[in-house]
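Contents: one structure, followed by commentary.
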Amino acid sequence: MIKTWKTGISAAALAGAAALVAAGPGFAQDAIKIGVLEDQSGDFAAATNVKVHAIELAAEEINAAGGIDGRPVELVIYDTQSDNRRYQEFMRRVLQQDQVDVVFAGFSSASREAYRPIVNQFDGLAFYNNQYEGGVCDANMIVTGAVPEQQFSTLIPWMMETYGNNVYTIAADYNFGQISAEWVRQIVDENGGAMVGEEFIPLGVSQFSQTIQNIQASEADFVVTLLVGAAQASYYEQAASADVGLPMASSVNVGQGYEHKRFTPPSLSQMYVTTNYIEEIDTPESQAFLEKFRAKFPEEPYINQEAANSYIAMNLYKQLVERAGTTEREALREVIAEGDVCFDGPSGTVCLDPKSQHMSHTIFLAKVEEDHSISFPRVWENIAPYWLGDAGCDLTQNDPSAQYTPSNPPPAN
Amino acid sequence: MEFFAAAFAMAYQFGDAFAFLVISCAGLAIIFGMMGIINLAHGEFIMCGAYVTASTARMGLPLPLAILCGALVAGIVGMLVERIVIRHLYQRPLDSIIATWGISLIATQGVLIVLGSTMQGIGTPLGSIEVGDRSYSAYRLVLMAAAVALLIGLYFLFYHTRFGVIARATIQRPQMAQALGVDTRRVYGLTFGLGAALAGLAGGLYAPTMTMVPTMGATFIVESFVTVVVGGADIFVGAAPAAVILAAIRASLTAWYGQLFGQIGLLIAVIVVIRVMPGGLSAWIKGTRQ
C-alpha cells in the first residue's frame, strides 16, 4: 500500500529524466527515430540497463556504417522505471509527440501487455526483445525473445530424464509466471510426470522460509523457478542456506539477471537454464560481440540474453527497412512475409517467422556449477517459434492482436 | 519424533515471520510510533545498513562486527538527516512526508548511479541444521534470537536507563522536559538516530539472506508499517504483541494457501485493527482511546 503509493509518485517525479541521444553529423537525410523504453531504474534495472547499452552499441555501428538506407539512426530513450504506468505514458509520448518510426520496449510481460494496446491504437510498430511466456499474435509486434516451445519443450523433458518425474514450480504471480507455469504443467503431463506442487509468489516478496519448507515436504525431484525481479531473487540464497539441495530449472534466471555472478557460490549450483545467449557462450560470434560491447561499455556487469536480442533486433530492423525501402509498417511486414529475414548475430543465425513475427533461436542449456561457472551440457540448434503458427495464428492472413495460451488457443476458423 | 519435527516446522515458520516483523519494525516503531514522524526514507536506512554491512564484510570484517558497522553508519546518517532536514519539520507532519520521501528518492537513485544496479551478496553463514527429514537455515535461528534480544535490549534502554527515561519524557511532554533542563533538541536527535540505527541493523541482519539492490528497503516497508500501525505508539505493549499476532496470521496463511494469502492476511489484519481499535493494540491494551 505505502510502497505502491510511494513508487507511483516517485515515478511521476522522475518522469522528466529522459534523454535524447543525437546521431552523428554528416547525413543529408532525415534521421530514423527509434524509441527505446527500458527499465533503467527500479526492480528490474539489473537485467535491463544492458539492453539500452546494446541498442546504443548497435546504433553507433549502424551510423558508422552509413546508417539505415543512408539515413542516420536517432535514439529516443526514456527510463520506464520498472513501472507499467510509465510504459503507457512514454509509449504515448514516443508515438504521438516524438513521432518515432519504431519502438524497442519492455522487460516484464506485465509492461508489454500494458503498452501493447497503445501500440495498436496508434498503429505503431514495437520490438519486444525479451524471452516471455509466448502467445502474442499481433501484427504491431515483433518478438525477438525466446518463447516456451523454445525454452520449456527443451528444458523440462531433459530435466525429467535426468532427475526424475516429480516437478515443483514456484513462479512470479503475474501473467508471465502464470502462463509459463501452465506450459510447464502441460509439458510435464505430456511426458508422463507429475506436478507435486505449484506456488505463485507476489512480486516484491523477499522472504521464502515457508515456500522452502513446502518444497522440502513435497517429493520433488527438481524445482522450476520462474521468479522475477530483485526481491524474489532472494529465494536462491535462502534455499541454499536451508540446504534444499534440489536441482533447479528456469527460463529466466542466469540469462537475464546473472544471479550466478551476484550470489555467493554455491547458492545457484545445479541451476539449469535454457537461454539463447549469455556471455559465457564460447563461439567466435559471441566473442566478437563481447569484444565490441566491452570496448564501448567496459563497466558492464554482465551481457545477457536480452542484450543480444536487442542488438539483433536493431540489425533486423535495419535489414527490413533497407529491403522495403521505407519505414512504413505494412511494407516491412511484406518483407517478413517473404520468410527469409535472417541475421548472423552473437547467438548464431536467427530468422523471423512470418506467421507469428517471432524469432528462431539456437537454445543453449546452461548449467551453473558448484563454483558458479557455467557449462553447456546440451545445445538445441535452430528451434523455430512454432507453437503460434501451428495453433492457428497467421499474421500474414489476419491480425487478432491477442495473446494466446495452451488453454486459450486461437479460435479455429 | 514425527510430532516433534512437525511442531518444530511450525515454530520455525512462526519464529521466522516474527523475527522479520520485529526486526524490520523496531526502527520505525521509535521514529513513527513513539516520535510520530512519518519517515518515508525508512527503507533507505535499511538499505544503507545492508550495503555497509555487505561491503565491510567483503573487506574481511567478521559478520557480527560488519552488521554493527551497518547499524552505526545508518544511525549517523539518521542523525545527520534529522539535524539537516527533519528537525525543522517536527510541527509540520505533511511537510516531513514530502521531505523524507525526497530523501528516499535521492538515496535510491544516488546508490543506483554511484554503485550500480546490484551489489554482490555475502552469502548466508552457519549452514543448515537437520530436524526430522527437513533441513533449516541455522542463520534464521540467529535472526529469531536477535529479534528477542532486540526487544529485551530496547526495554532496558527505555525503562532502566537515564537516556530512556529522558527520551520518553521529552517525547511525551517536551515543554515540561525543557523546563526541567533537558536539551530536547539533542534528545530528539539521538532518538531519531537510534531509530535509524535499528533500521540499519535490520538491513545488516538480513543482508546475508537477500539480493542487494538499491530498492531493497522497499521490501521491508509494508511489513514494518503494518506492524507499527497495528501495534500503536508503544513498542512493548504494542509492536511486540502485534508482531506475535501478525506472524501467526502470516505463517499459517502462507503454510496453507501460499505467499499471496499470507500478504492478504497481513493487510486485512491492519484494516480490521484500524477500524476496531484506532489507537492500535497498545492503546487498546492500556484501556485508553486516542
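Chains: A, B, ... in order of the C-alpha cells. Residues: from 1 per chain. Ligands: from 1, in order shown.
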
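Using only C-alpha atoms, one finds that the residues of chain A close to chain B, at 6 Å or less, are Ala46, Ile201, Pro202, Ser234, Glu237, Gln238, Ser241, Ala242, Arg262, Phe263 and Thr264 of chain A.
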
Spatial neighbours of Ile30 in chain B, max dist 12 Å, only C-alpha atoms, sep filter under 4 positions, as a PyMOL selection string: chain B and resi 24-26+34-39+42+154+158+164+167-168+171+188+190-199+224-225+228+231-236+238-239

Can you write just those residues out, N, CA and C atoms, as a tab-separated table (two decimals), in the first residue's frame?
chain	number	residue	atom	x	y	z
B	24	SER	N	12.27	-5.64	11.36
B	24	SER	CA	12.04	-4.58	10.38
B	24	SER	C	11.25	-3.43	10.97
B	25	CYS	N	10.47	-3.66	12.04
B	25	CYS	CA	9.64	-2.56	12.55
B	25	CYS	C	10.28	-1.81	13.71
B	26	ALA	N	11.36	-2.34	14.31
B	26	ALA	CA	11.90	-1.71	15.52
B	26	ALA	C	12.25	-0.24	15.30
B	34	MET	N	6.75	6.15	18.35
B	34	MET	CA	6.98	6.99	19.52
B	34	MET	C	7.03	8.47	19.17
B	35	MET	N	7.89	8.82	18.19
B	35	MET	CA	8.11	10.24	17.90
B	35	MET	C	7.04	10.83	17.00
B	36	GLY	N	6.31	9.97	16.29
B	36	GLY	CA	5.23	10.47	15.44
B	36	GLY	C	5.69	11.09	14.14
B	37	ILE	N	6.92	10.80	13.74
B	37	ILE	CA	7.40	11.33	12.46
B	37	ILE	C	7.15	10.29	11.39
B	38	ILE	N	6.48	10.69	10.33
B	38	ILE	CA	6.29	9.75	9.22
B	38	ILE	C	7.53	9.84	8.35
B	39	ASN	N	8.32	8.77	8.39
B	39	ASN	CA	9.60	8.79	7.71
B	39	ASN	C	9.56	7.85	6.51
B	42	HIS	N	12.55	5.41	5.52
B	42	HIS	CA	12.92	4.33	6.42
B	42	HIS	C	13.59	3.17	5.67
B	154	LEU	N	15.90	-3.08	24.03
B	154	LEU	CA	15.18	-1.80	23.96
B	154	LEU	C	14.40	-1.55	25.25
B	158	PHE	N	14.89	1.81	27.39
B	158	PHE	CA	13.85	2.82	27.60
B	158	PHE	C	13.32	2.86	29.03
B	164	GLY	N	16.79	6.58	28.49
B	164	GLY	CA	15.45	6.11	28.15
B	164	GLY	C	14.37	6.93	28.83
B	167	ALA	N	14.28	10.36	27.28
B	167	ALA	CA	13.73	10.31	25.92
B	167	ALA	C	12.21	10.19	25.98
B	168	ARG	N	11.71	9.30	26.84
B	168	ARG	CA	10.25	9.14	26.93
B	168	ARG	C	9.61	10.43	27.43
B	171	ILE	N	9.56	13.08	24.67
B	171	ILE	CA	8.60	12.86	23.59
B	171	ILE	C	7.17	13.06	24.08
B	188	TYR	N	15.85	14.53	20.88
B	188	TYR	CA	15.17	14.16	19.64
B	188	TYR	C	16.16	13.62	18.62
B	190	LEU	N	19.10	12.25	19.11
B	190	LEU	CA	19.62	10.94	19.48
B	190	LEU	C	18.58	9.84	19.27
B	191	THR	N	17.32	10.16	19.64
B	191	THR	CA	16.28	9.14	19.50
B	191	THR	C	16.06	8.81	18.03
B	192	PHE	N	16.03	9.84	17.17
B	192	PHE	CA	15.88	9.59	15.74
B	192	PHE	C	17.06	8.76	15.24
B	193	GLY	N	18.26	9.11	15.70
B	193	GLY	CA	19.45	8.36	15.31
B	193	GLY	C	19.34	6.90	15.73
B	194	LEU	N	18.78	6.67	16.94
B	194	LEU	CA	18.59	5.29	17.41
B	194	LEU	C	17.64	4.53	16.48
B	195	GLY	N	16.55	5.21	16.10
B	195	GLY	CA	15.61	4.58	15.17
B	195	GLY	C	16.28	4.22	13.85
B	196	ALA	N	17.08	5.17	13.33
B	196	ALA	CA	17.77	4.92	12.06
B	196	ALA	C	18.78	3.78	12.22
B	197	ALA	N	19.47	3.75	13.37
B	197	ALA	CA	20.44	2.67	13.60
B	197	ALA	C	19.75	1.32	13.65
B	198	LEU	N	18.54	1.27	14.24
B	198	LEU	CA	17.81	0.00	14.28
B	198	LEU	C	17.38	-0.42	12.88
B	199	ALA	N	17.03	0.57	12.05
B	199	ALA	CA	16.72	0.26	10.65
B	199	ALA	C	17.96	-0.32	9.97
B	224	SER	N	6.81	-3.40	8.00
B	224	SER	CA	7.12	-2.62	9.19
B	224	SER	C	6.02	-1.60	9.48
B	225	PHE	N	5.47	-0.96	8.45
B	225	PHE	CA	4.37	-0.02	8.71
B	225	PHE	C	3.16	-0.77	9.27
B	228	VAL	N	3.74	-1.52	12.95
B	228	VAL	CA	3.69	-0.35	13.81
B	228	VAL	C	2.26	0.19	13.90
B	231	GLY	N	0.36	-2.08	16.08
B	231	GLY	CA	0.85	-2.01	17.45
B	231	GLY	C	0.49	-0.72	18.15
B	232	GLY	N	0.53	0.39	17.43
B	232	GLY	CA	0.28	1.67	18.08
B	232	GLY	C	1.56	2.28	18.62
B	233	ALA	N	1.40	3.23	19.54
B	233	ALA	CA	2.52	4.10	19.89
B	233	ALA	C	3.61	3.44	20.73
B	234	ASP	N	3.30	2.36	21.41
B	234	ASP	CA	4.27	1.78	22.34
B	234	ASP	C	4.91	0.52	21.76
B	235	ILE	N	6.23	0.42	21.85
B	235	ILE	CA	6.90	-0.73	21.26
B	235	ILE	C	6.55	-2.01	22.00
B	236	PHE	N	6.53	-1.93	23.36
B	236	PHE	CA	6.50	-3.18	24.12
B	236	PHE	C	5.09	-3.71	24.28
B	238	GLY	N	2.73	-2.66	22.34
B	238	GLY	CA	2.12	-2.53	21.01
B	238	GLY	C	2.80	-3.39	19.97
B	239	ALA	N	3.97	-2.95	19.54
B	239	ALA	CA	4.61	-3.58	18.40
B	239	ALA	C	4.95	-5.05	18.66

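Proximity of A:Gly229, A:Gly197, A:Gly348, A:Pro377 to Asn253 in chain A, computed with only C-alpha atoms, is greatest for A:Gly229.
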
Secondary structure check, alpha helix (DSSP H) residues of range 181-245 of chain A, as a ChimeraX atom specification: /A:181-190,209-217,229-232,234-241

Which residue of A:Ala366, A:Val167, A:Ala217, A:Ile55 approaches Ala5 in chain B most closely, using only C-alpha atoms: A:Ala217

Separation of CA of Thr100 in chain B from CA of Ala41 in chain B in Å: 5.3 Å

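Look at Glu280 in chain A: the protein and nucleic acid residues within 8 Å of it, using only C-alpha atoms and passing over chain neighbours fewer than 2 places away, are Ile278, Asp282 and Ile374 of chain A.
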
Please produce a file of the residues just selected, as an mmCIF file, in the first residue's frame, where the atoms kept are C-alpha atoms.
data_model
loop_
_atom_site.group_PDB
_atom_site.id
_atom_site.type_symbol
_atom_site.label_atom_id
_atom_site.label_comp_id
_atom_site.auth_asym_id
_atom_site.auth_seq_id
_atom_site.Cartn_x
_atom_site.Cartn_y
_atom_site.Cartn_z
ATOM 1 C CA ILE A 278 24.722 -15.457 -22.278
ATOM 2 C CA ASP A 282 32.207 -19.522 -26.332
ATOM 3 C CA ILE A 374 28.769 -22.167 -16.473
#

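Between CA of Phe45 in chain B and CA of Gly265 in chain B the interatomic distance comes to 26.9 Å.
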
Backbone DSSP call of strand (DSSP E) for range 8-160 of chain B, listed as a PyMOL selection string: chain B and resi 128-131+134-137

Write the residues you've just listed into a file as a short mmCIF file (atom, residue, chain, number, x, y, z; two decimals), in the first residue's frame, and include all heavy atoms for each of them.
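Output saved as out_31.cif:
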data_model
loop_
_atom_site.label_atom_id
_atom_site.label_comp_id
_atom_site.auth_asym_id
_atom_site.auth_seq_id
_atom_site.Cartn_x
_atom_site.Cartn_y
_atom_site.Cartn_z
N SER B 128 23.20 -25.22 7.58
CA SER B 128 21.83 -25.65 7.88
C SER B 128 21.83 -26.71 8.98
O SER B 128 22.84 -27.33 9.27
CB SER B 128 21.20 -26.22 6.62
OG SER B 128 21.92 -27.35 6.20
N ILE B 129 20.67 -26.88 9.59
CA ILE B 129 20.51 -27.93 10.59
C ILE B 129 19.42 -28.89 10.14
O ILE B 129 18.50 -28.49 9.42
CB ILE B 129 20.16 -27.36 11.99
CG1 ILE B 129 18.92 -26.45 11.86
CG2 ILE B 129 21.32 -26.61 12.58
CD1 ILE B 129 18.23 -26.20 13.17
N GLU B 130 19.49 -30.14 10.58
CA GLU B 130 18.50 -31.14 10.21
C GLU B 130 17.56 -31.38 11.38
O GLU B 130 18.01 -31.64 12.50
CB GLU B 130 19.19 -32.48 9.90
CG GLU B 130 20.13 -32.45 8.71
CD GLU B 130 19.42 -32.76 7.41
OE1 GLU B 130 18.31 -33.33 7.46
OE2 GLU B 130 19.98 -32.43 6.35
N VAL B 131 16.26 -31.28 11.15
CA VAL B 131 15.29 -31.69 12.16
C VAL B 131 14.29 -32.59 11.45
O VAL B 131 13.65 -32.18 10.49
CB VAL B 131 14.56 -30.49 12.78
CG1 VAL B 131 13.50 -30.97 13.77
CG2 VAL B 131 15.54 -29.57 13.46
N ARG B 134 13.70 -32.74 7.40
CA ARG B 134 13.88 -31.47 6.71
C ARG B 134 15.10 -30.75 7.22
O ARG B 134 15.57 -31.00 8.32
CB ARG B 134 12.66 -30.58 6.94
CG ARG B 134 11.39 -31.32 6.64
CD ARG B 134 10.31 -30.43 6.16
NE ARG B 134 9.08 -31.22 6.08
CZ ARG B 134 7.92 -30.81 6.55
NH1 ARG B 134 7.82 -29.63 7.10
NH2 ARG B 134 6.86 -31.57 6.45
N SER B 135 15.58 -29.83 6.41
CA SER B 135 16.73 -29.04 6.86
C SER B 135 16.33 -27.57 6.90
O SER B 135 15.48 -27.11 6.14
CB SER B 135 17.91 -29.25 5.92
OG SER B 135 17.52 -29.03 4.59
N TYR B 136 16.95 -26.85 7.84
CA TYR B 136 16.60 -25.45 8.04
C TYR B 136 17.86 -24.61 8.06
O TYR B 136 18.92 -25.09 8.46
CB TYR B 136 15.87 -25.27 9.38
CG TYR B 136 14.61 -26.06 9.48
CD1 TYR B 136 14.63 -27.37 9.94
CD2 TYR B 136 13.40 -25.50 9.09
CE1 TYR B 136 13.46 -28.11 10.02
CE2 TYR B 136 12.24 -26.22 9.17
CZ TYR B 136 12.26 -27.53 9.64
OH TYR B 136 11.10 -28.24 9.71
N SER B 137 17.72 -23.35 7.66
CA SER B 137 18.87 -22.45 7.72
C SER B 137 19.15 -22.07 9.18
O SER B 137 18.27 -21.58 9.88
CB SER B 137 18.57 -21.20 6.90
OG SER B 137 19.53 -20.21 7.18
#
